[in-house]
Amino acid sequence: MNNTELAQYEENIRISSDINRELSPFKIREILLVATLYDSYILEEEGLLSDMIFAEYFKISLADAPRITSVYSKEKAVAAVREKKVDLVILTMRIDDFQPYEMSLAIREIDPDIPIFLLLNDNSDLKIIQQWKDRPCAVDRVFIWNGDAKIFLAMSKYVEDSKNTVNDTSLASVRVILLVEDSPLYYSKYLPLLYREIIRQTHELISDEKFDEKRKITRYKTRPKILLATSFEEAVDYYKKFEKYILCVITDQRFPKENSLDESAGISLIEKLREKDPGILVLLQSSESSSSEKARELGIPFIDKNSEKLSSRIRDFVKNDLGFGPFIFKSEDGETLNKARNLEEFEAVIEKIPEGSILYHFGRNDFSTWFAARGEFKIAQSLRKMSSSDFESAREIKFHLSNLSKLVEYKKSKGKIMDFDDKYLTEGDSIVRLSPGALGGKGRGIAFISSLLQNSALENSVPGASIKIPKTYVVGTDSFDEFMEKNELQEFAIDEDDHDKIKQKFLTSKLPEELEKKFRVLLRKISHPLAVRSTAIFEDSISHPFSGIYETYIIPNSYYNFETRFKQFTDAVKLVYSSVYSRVAKTYFESIGYNIEEEKMAVVIQKLVGNSRNTRFYPSFSGVAQSYNYYPVSYIKPEDGIAVVALGLGTYVVDGDRAFRFCPKHPKIDFYSAEDQLKNSQNYFWALDMKKSDFDLSLGEDVTLIKSSTEDAEKDDSLKDIASVWDFQNNRFSGYLGVQGPRVVNFANILKYGTFPLSDILQKLLAVFNTALGTPVEIEFAVELGKRPVFYILQLKPFIRNFDDFQIDSAEIEGKDLFISTSQALGNGRVDEIKDIVYVMPEKFDKMETLKIAEEVEYFNKKLKDFKKPYLLIGPGRWGTSDRLLGIPVKWNQISGARTIVEYGMKDFQIDPSLGSHFFHNITTLNIGYLTVPYKSEENFIKWEFLEDKICVERKDFCSHLSVQEGLTILMDGRTGTGAAFFRRQ
């Protein structure tokens, strides 16, 4: 996906997002009612707006409902039109001493475009109007109010439809109902009935189809528009203008044609329209009951305008003939066979319907009408253009209709977050929301990825693999709030320092009842291993990414006893909730100046990527990729990015273990010599232990995992694509595992010979996400190889670089005796406040005692934090690694007071920097200085002798705390990656 493609995605999303604003742009917001005080009182007392218009605006925007202003005289009416924007004027028959026609002319002089309606009190007023027919008039329509409050809804909707139809048909192919009726008495009946039924049926349809909120609004706005024609010529003009969008024509039999009343104008109109469209849906209505015979001859439905059942007949027509209700499958002789309320039922039922019924409905365009009522106008239009002769058999029509319903379901869910529904739990790529509330940072990132994949060509943009996210479910933050409140946990969790006690309290607390019900439904449908992951509202945010601060639990979800499986799953959710209050999280909040009470936790549940391999479940490989490389080599540029990959679960990579690094843009450049690859190759991996059925998740995130050797992976047949063998005879690596020799996990077959397009995928994704987020990014991923390889994106987060314009001034360090110098520095700026150093003494370092060293560092960290003293921390290997043989395995809270951190290499302990770990990510995003000093390099050094004259405050077995009275200055140039430190002279 290049920038043009990303722009197209943005345009598609914008169109989808903006269509709600662009549809139906004209709204009736201000209605001026000009009436006597008595008439105004009666109308207002009827509760017209609150009952009718508010109901129509249900779940759209109550604030947009129109407001009525009542005035009682010509002077006040004219003043009101002058003073404010009025969208509709409604006049009644009695207004002081002025006639309504005189009033309309006065208003027209101020605003010639304003719609003006005359509202009569009853049918008898029509006779008075007939007496004024030769007088000048500026009234657009005459309506009759026979005590039915819905007339106000009809008048306002009629004006909106008149003004919005051109826009909405061209923008979204909205359908049009053409009503041909010249009598105010009857269209005053028909319009309220039609609007009420169309709005009610649209609401029922939306509820039945379980649309998301945005789609609900769109569906309301794409309801059919109603246009009123009062003559033959006007009806023909409307038809010509909106021919492609006409849903149906409801016509009287007698109305004006060629300026005179024509007894059969309606029949002439039907015949004329059928010449253009033989299948057009027409309803004939007449006060002459004899017209029903003519309707039978034409094969069209008929309504008696004087029928006492007029309302129910209109309802039946909208529900059945216009397709808003269930699809009623009938036999050729009209017998009801079956029905489908929604697309899901339609797809299930259609297979059972006899072929004769399919041909019957297809010939009547019933399928087209039904799809149109559901807003699927393009599908409806394509069906109307087809005939049964376009198919070899009725069975082929069935197959086509079934595929269309699946397409609609797919479109409805693609790239969306769908509310909980059984059918979405196992099908499709949509994200399913199990409870309302915020998605959290991780959830937002996954939702964005899903939207991007489903609304662009990105998913299949790289030949040889597809790009997806795992099937994902989200528990919104509302459930966390309810859990905390009902169990009264907030105060306890904030005050308690022992996280083990917090975990136990959370585990014995009860989740919201409704959430537990949904969890039971989910687990009964899914027995695949699951990752239960944190997604707090601050997590993975632009300002504070919180990487690795909260917890993730992986569960087999395969035990035969459902209640045991259910408890393991709900325990994982509760423990994710409890991780908000861990010592690590509390320390992090303190560091960034946030109040922990502001944090809320959502939960992401994902099907674990991978396959079962000899009781172990794991993906082919996992990794982390960043769009900015802080440690480029050779001719690689920082913006070329960096990736770290390893066999098995991604825990291995994010915990900072020994993994393979490469540049996606230059995958054939080796960062290591053959000797280094042999020495530092991955020799174990993490997998989910599928044998383990009884476990206590409170013991830690890795309690369900098994640490396996690469020999185990070879037995699982998992090394063939990612490992090479060192061929001693030929002094080279071989991709053929049949050769004797040590195995090295170096991904050579993939990176050098392209057996899987990993580099191409990473280049594309990093470029797209870097542009989309406007900042360097990091993605976590997992890959499952096989016949249909899939690259799964697990997480997207910003990777912040606070690189301002600071540059190291050579004049400032010239002549200084540098204590530290490095070309591998992270961070940017100048640090002057350090007067304390905590360091691991090189001569005392023992890589078998790194856990003890971490405890000593924690001791000094707490002491210095209590005195609010920032310090410089120095130690060998990787800080924050989970592998104690690679460095010091500290957690964030154990070094949280450090202002700058240094990792150094030793002769027999030369480890790559901590790139790729959560620990490293948090250090860099908090702009804590991080300096790497490789072993024996002219430009990279630490002069240990400079520490000999410093005051030793306290010394332990492995670490020492020094006081630097004169102070220490540290300089970091984020753009060049250079860093220096020197002691200031007193």
# chains A, B, ... in the order shown; residues from 1 in each chain; ligands from 1
>>> select_by_dssp(residues="range 757-969 of chain A", states="strand (DSSP E)", output="ChimeraX atom specification")
/A:777-784,790-798,820-822,824-826,829-840,871-876,878-879,887-888,898-904,929-933,941-942,951-955,959-969
>>> residues_around(residues="Ile177 in chain A", least_positions_apart="4", cutoff="9 Å", atoms="only C-alpha atoms", output="mmCIF file with N, CA and C atoms, in the first residue's frame")
data_model
loop_
_atom_site.group_PDB
_atom_site.id
_atom_site.type_symbol
_atom_site.label_atom_id
_atom_site.label_comp_id
_atom_site.auth_asym_id
_atom_site.auth_seq_id
_atom_site.Cartn_x
_atom_site.Cartn_y
_atom_site.Cartn_z
ATOM 1 N N PRO A 224 -36.909 5.629 2.394
ATOM 2 C CA PRO A 224 -37.447 6.192 1.146
ATOM 3 C C PRO A 224 -37.972 7.612 1.332
ATOM 4 N N LYS A 225 -37.705 8.430 0.352
ATOM 5 C CA LYS A 225 -38.245 9.789 0.334
ATOM 6 C C LYS A 225 -39.623 9.767 -0.332
ATOM 7 N N ILE A 226 -40.512 10.634 0.118
ATOM 8 C CA ILE A 226 -41.862 10.698 -0.447
ATOM 9 C C ILE A 226 -42.030 12.015 -1.183
ATOM 10 N N LEU A 227 -42.401 11.921 -2.453
ATOM 11 C CA LEU A 227 -42.673 13.105 -3.265
ATOM 12 C C LEU A 227 -44.150 13.114 -3.635
ATOM 13 N N LEU A 228 -44.743 14.284 -3.554
ATOM 14 C CA LEU A 228 -46.175 14.434 -3.836
ATOM 15 C C LEU A 228 -46.373 15.153 -5.157
ATOM 16 N N TYR A 245 -34.557 5.560 -9.264
ATOM 17 C CA TYR A 245 -34.694 5.428 -7.822
ATOM 18 C C TYR A 245 -36.130 5.194 -7.361
ATOM 19 N N ILE A 246 -37.077 5.117 -8.299
ATOM 20 C CA ILE A 246 -38.479 4.969 -7.911
ATOM 21 C C ILE A 246 -38.692 3.599 -7.267
ATOM 22 N N LEU A 247 -39.150 3.605 -6.024
ATOM 23 C CA LEU A 247 -39.466 2.366 -5.323
ATOM 24 C C LEU A 247 -40.881 1.907 -5.674
ATOM 25 N N CYS A 248 -41.816 2.847 -5.674
ATOM 26 C CA CYS A 248 -43.180 2.517 -6.045
ATOM 27 C C CYS A 248 -43.932 3.815 -6.368
ATOM 28 N N VAL A 249 -45.067 3.652 -7.006
ATOM 29 C CA VAL A 249 -45.957 4.774 -7.300
ATOM 30 C C VAL A 249 -47.306 4.470 -6.663
ATOM 31 N N ILE A 250 -47.780 5.380 -5.837
ATOM 32 C CA ILE A 250 -49.122 5.278 -5.254
ATOM 33 C C ILE A 250 -49.961 6.353 -5.930
#
>>> residues_around(residues="Asn557 in chain A", least_positions_apart="6", cutoff="6 Å", atoms="only C-alpha atoms", output="list in words")
Ser527, Pro529 and Arg565 of chain A
>>> write_last_selection(atoms="C-alpha atoms", output="PDB file, in the first residue's frame")
ATOM      1  CA  SER A 527     -12.388 -24.168  22.341  1.00  0.00           C
ATOM      2  CA  PRO A 529      -6.478 -21.313  22.843  1.00  0.00           C
ATOM      3  CA  ARG A 565     -12.441 -23.863  31.554  1.00  0.00           C
TER       4      ARG A 565
END
>>> residues_around(residues="Leu120 in chain A", least_positions_apart="4", cutoff="8 Å", atoms="only C-alpha atoms", output="PyMOL selection string")
chain A and resi 92-93+125-126+142-145
>>> atom_distance(atom1="CA of Ala980 in chain A", atom2="CA of Ser821 in chain A")
4.5 Å
>>> residues_around(residues="Lys715 in chain A", least_positions_apart="6", cutoff="12 Å", atoms="only C-alpha atoms", output="list in words")
Arg613, Asn614, Thr615, Arg616, Ser708, Ser709 and Leu737 of chain A
>>> residues_around(residues="range 617-624 of chain A", least_positions_apart="3", cutoff="7 Å", atoms="only C-alpha atoms", output="list in words")
Val609, Gly610, Asn611, Ser612, Arg613, Ala643, Val644, Val645, Ala646, Leu647, Gly648, Leu649, Gly650, Val653, Ala687, Leu688, Asp689, Met690, Ser718, Glu778, Ile779, Glu780, Phe781, Ala782, Val783, Glu784, Leu785 and Gly916 of chain A
>>> write_last_selection(atoms="N, CA, C and O atoms", output="mmCIF file, in the first residue's frame")
data_model
loop_
_atom_site.group_PDB
_atom_site.id
_atom_site.type_symbol
_atom_site.label_atom_id
_atom_site.label_comp_id
_atom_site.auth_asym_id
_atom_site.auth_seq_id
_atom_site.Cartn_x
_atom_site.Cartn_y
_atom_site.Cartn_z
ATOM 1 N N VAL A 609 -2.630 -17.209 17.854
ATOM 2 C CA VAL A 609 -2.096 -17.589 16.547
ATOM 3 C C VAL A 609 -1.210 -18.817 16.714
ATOM 4 O O VAL A 609 -0.361 -18.863 17.607
ATOM 5 N N GLY A 610 -1.387 -19.798 15.849
ATOM 6 C CA GLY A 610 -0.519 -20.960 15.885
ATOM 7 C C GLY A 610 -1.263 -22.248 15.633
ATOM 8 O O GLY A 610 -2.434 -22.256 15.229
ATOM 9 N N ASN A 611 -0.596 -23.346 15.900
ATOM 10 C CA ASN A 611 -1.156 -24.684 15.752
ATOM 11 C C ASN A 611 -0.609 -25.587 16.842
ATOM 12 O O ASN A 611 0.445 -25.306 17.426
ATOM 13 N N SER A 612 -1.336 -26.661 17.120
ATOM 14 C CA SER A 612 -0.846 -27.653 18.088
ATOM 15 C C SER A 612 0.229 -28.495 17.430
ATOM 16 O O SER A 612 0.035 -29.023 16.331
ATOM 17 N N ARG A 613 1.341 -28.616 18.142
ATOM 18 C CA ARG A 613 2.463 -29.416 17.657
ATOM 19 C C ARG A 613 2.974 -30.247 18.833
ATOM 20 O O ARG A 613 3.689 -29.740 19.692
ATOM 21 N N ALA A 643 13.586 -5.060 12.661
ATOM 22 C CA ALA A 643 12.677 -6.119 13.086
ATOM 23 C C ALA A 643 13.438 -7.135 13.907
ATOM 24 O O ALA A 643 14.629 -7.369 13.692
ATOM 25 N N VAL A 644 12.755 -7.736 14.865
ATOM 26 C CA VAL A 644 13.318 -8.780 15.712
ATOM 27 C C VAL A 644 12.347 -9.952 15.673
ATOM 28 O O VAL A 644 11.157 -9.777 15.952
ATOM 29 N N VAL A 645 12.843 -11.131 15.300
ATOM 30 C CA VAL A 645 11.961 -12.284 15.142
ATOM 31 C C VAL A 645 12.523 -13.489 15.881
ATOM 32 O O VAL A 645 13.733 -13.601 16.089
ATOM 33 N N ALA A 646 11.613 -14.386 16.262
ATOM 34 C CA ALA A 646 12.038 -15.587 16.993
ATOM 35 C C ALA A 646 11.014 -16.689 16.796
ATOM 36 O O ALA A 646 9.831 -16.432 16.534
ATOM 37 N N LEU A 647 11.463 -17.881 16.937
ATOM 38 C CA LEU A 647 10.603 -19.056 16.915
ATOM 39 C C LEU A 647 9.646 -19.012 18.095
ATOM 40 O O LEU A 647 10.020 -18.637 19.203
ATOM 41 N N GLY A 648 8.386 -19.410 17.894
ATOM 42 C CA GLY A 648 7.444 -19.570 18.997
ATOM 43 C C GLY A 648 6.682 -18.315 19.349
ATOM 44 O O GLY A 648 6.568 -17.377 18.558
ATOM 45 N N LEU A 649 6.161 -18.293 20.577
ATOM 46 C CA LEU A 649 5.343 -17.174 21.048
ATOM 47 C C LEU A 649 6.165 -15.900 21.186
ATOM 48 O O LEU A 649 7.358 -15.938 21.484
ATOM 49 N N GLY A 650 5.492 -14.754 21.018
ATOM 50 C CA GLY A 650 6.171 -13.462 21.044
ATOM 51 C C GLY A 650 6.694 -13.059 22.405
ATOM 52 O O GLY A 650 7.456 -12.093 22.505
ATOM 53 N N VAL A 653 10.341 -12.498 22.415
ATOM 54 C CA VAL A 653 10.898 -11.273 21.826
ATOM 55 C C VAL A 653 10.682 -10.070 22.741
ATOM 56 O O VAL A 653 11.620 -9.324 23.037
ATOM 57 N N ALA A 687 6.059 -21.814 24.282
ATOM 58 C CA ALA A 687 4.837 -22.342 23.669
ATOM 59 C C ALA A 687 3.781 -22.502 24.758
ATOM 60 O O ALA A 687 4.099 -22.512 25.957
ATOM 61 N N LEU A 688 2.534 -22.607 24.360
ATOM 62 C CA LEU A 688 1.452 -22.891 25.296
ATOM 63 C C LEU A 688 1.430 -24.393 25.559
ATOM 64 O O LEU A 688 1.437 -25.206 24.628
ATOM 65 N N ASP A 689 1.429 -24.749 26.823
ATOM 66 C CA ASP A 689 1.448 -26.164 27.211
ATOM 67 C C ASP A 689 0.020 -26.699 27.180
ATOM 68 O O ASP A 689 -0.784 -26.424 28.070
ATOM 69 N N MET A 690 -0.316 -27.474 26.153
ATOM 70 C CA MET A 690 -1.681 -27.978 25.999
ATOM 71 C C MET A 690 -1.962 -29.159 26.926
ATOM 72 O O MET A 690 -3.117 -29.572 27.068
ATOM 73 N N SER A 718 9.178 -27.700 12.929
ATOM 74 C CA SER A 718 8.962 -26.255 12.928
ATOM 75 C C SER A 718 10.196 -25.447 12.549
ATOM 76 O O SER A 718 10.132 -24.219 12.500
ATOM 77 N N GLU A 778 5.534 0.823 16.279
ATOM 78 C CA GLU A 778 5.997 -0.530 16.550
ATOM 79 C C GLU A 778 4.812 -1.467 16.370
ATOM 80 O O GLU A 778 3.701 -1.162 16.810
ATOM 81 N N ILE A 779 5.039 -2.585 15.704
ATOM 82 C CA ILE A 779 3.988 -3.589 15.590
ATOM 83 C C ILE A 779 4.490 -4.903 16.162
ATOM 84 O O ILE A 779 5.667 -5.236 16.045
ATOM 85 N N GLU A 780 3.599 -5.612 16.822
ATOM 86 C CA GLU A 780 3.873 -6.985 17.229
ATOM 87 C C GLU A 780 3.109 -7.888 16.280
ATOM 88 O O GLU A 780 1.977 -7.580 15.894
ATOM 89 N N PHE A 781 3.708 -9.010 15.913
ATOM 90 C CA PHE A 781 3.075 -9.868 14.920
ATOM 91 C C PHE A 781 3.399 -11.329 15.190
ATOM 92 O O PHE A 781 4.311 -11.661 15.960
ATOM 93 N N ALA A 782 2.638 -12.191 14.570
ATOM 94 C CA ALA A 782 2.897 -13.629 14.597
ATOM 95 C C ALA A 782 2.575 -14.172 13.218
ATOM 96 O O ALA A 782 1.674 -13.678 12.540
ATOM 97 N N VAL A 783 3.308 -15.179 12.792
ATOM 98 C CA VAL A 783 3.146 -15.747 11.455
ATOM 99 C C VAL A 783 2.888 -17.240 11.565
ATOM 100 O O VAL A 783 3.557 -17.939 12.336
ATOM 101 N N GLU A 784 1.901 -17.695 10.822
ATOM 102 C CA GLU A 784 1.645 -19.125 10.723
ATOM 103 C C GLU A 784 1.878 -19.535 9.278
ATOM 104 O O GLU A 784 1.171 -19.108 8.374
ATOM 105 N N LEU A 785 2.940 -20.336 9.083
ATOM 106 C CA LEU A 785 3.281 -20.803 7.743
ATOM 107 C C LEU A 785 2.429 -22.031 7.398
ATOM 108 O O LEU A 785 1.693 -22.540 8.220
ATOM 109 N N GLY A 916 13.447 -3.994 21.172
ATOM 110 C CA GLY A 916 12.372 -4.959 20.991
ATOM 111 C C GLY A 916 11.660 -5.327 22.275
ATOM 112 O O GLY A 916 10.577 -5.872 22.241
#
>>> closest_residue(among="A:Val71, A:Leu697, A:Val318, A:Ala898", to="Lys865 in chain A", atoms="only C-alpha atoms")
A:Ala898
>>> residues_around(residues="Leu766 in chain A", least_positions_apart="5", cutoff="8 Å", atoms="only C-alpha atoms", output="ChimeraX atom specification")
/A:625-627,641,777-779
>>> write_last_selection(atoms="N, CA, C and O atoms", output="PDB file, in the first residue's frame")
ATOM      1  N   ALA A 625       8.459  -5.235  15.064  1.00  0.00           N
ATOM      2  CA  ALA A 625       9.105  -4.400  14.044  1.00  0.00           C
ATOM      3  C   ALA A 625       8.856  -2.939  14.365  1.00  0.00           C
ATOM      4  O   ALA A 625       7.769  -2.568  14.807  1.00  0.00           O
ATOM      5  N   GLN A 626       9.887  -2.132  14.150  1.00  0.00           N
ATOM      6  CA  GLN A 626       9.789  -0.692  14.399  1.00  0.00           C
ATOM      7  C   GLN A 626      10.153   0.060  13.128  1.00  0.00           C
ATOM      8  O   GLN A 626      11.030  -0.368  12.369  1.00  0.00           O
ATOM      9  N   SER A 627       9.460   1.163  12.913  1.00  0.00           N
ATOM     10  CA  SER A 627       9.711   1.924  11.681  1.00  0.00           C
ATOM     11  C   SER A 627      10.944   2.818  11.795  1.00  0.00           C
ATOM     12  O   SER A 627      11.364   3.416  10.803  1.00  0.00           O
ATOM     13  N   GLY A 641      14.024   1.175   9.402  1.00  0.00           N
ATOM     14  CA  GLY A 641      13.351   0.315  10.358  1.00  0.00           C
ATOM     15  C   GLY A 641      14.190  -0.862  10.812  1.00  0.00           C
ATOM     16  O   GLY A 641      15.307  -1.092  10.346  1.00  0.00           O
ATOM     17  N   VAL A 777       6.371   3.894  14.574  1.00  0.00           N
ATOM     18  CA  VAL A 777       5.462   2.913  15.158  1.00  0.00           C
ATOM     19  C   VAL A 777       6.180   1.605  15.444  1.00  0.00           C
ATOM     20  O   VAL A 777       7.259   1.334  14.917  1.00  0.00           O
ATOM     21  N   GLU A 778       5.534   0.823  16.279  1.00  0.00           N
ATOM     22  CA  GLU A 778       5.997  -0.530  16.550  1.00  0.00           C
ATOM     23  C   GLU A 778       4.812  -1.467  16.370  1.00  0.00           C
ATOM     24  O   GLU A 778       3.701  -1.162  16.810  1.00  0.00           O
ATOM     25  N   ILE A 779       5.039  -2.585  15.704  1.00  0.00           N
ATOM     26  CA  ILE A 779       3.988  -3.589  15.590  1.00  0.00           C
ATOM     27  C   ILE A 779       4.490  -4.903  16.162  1.00  0.00           C
ATOM     28  O   ILE A 779       5.667  -5.236  16.045  1.00  0.00           O
TER      29      ILE A 779
END
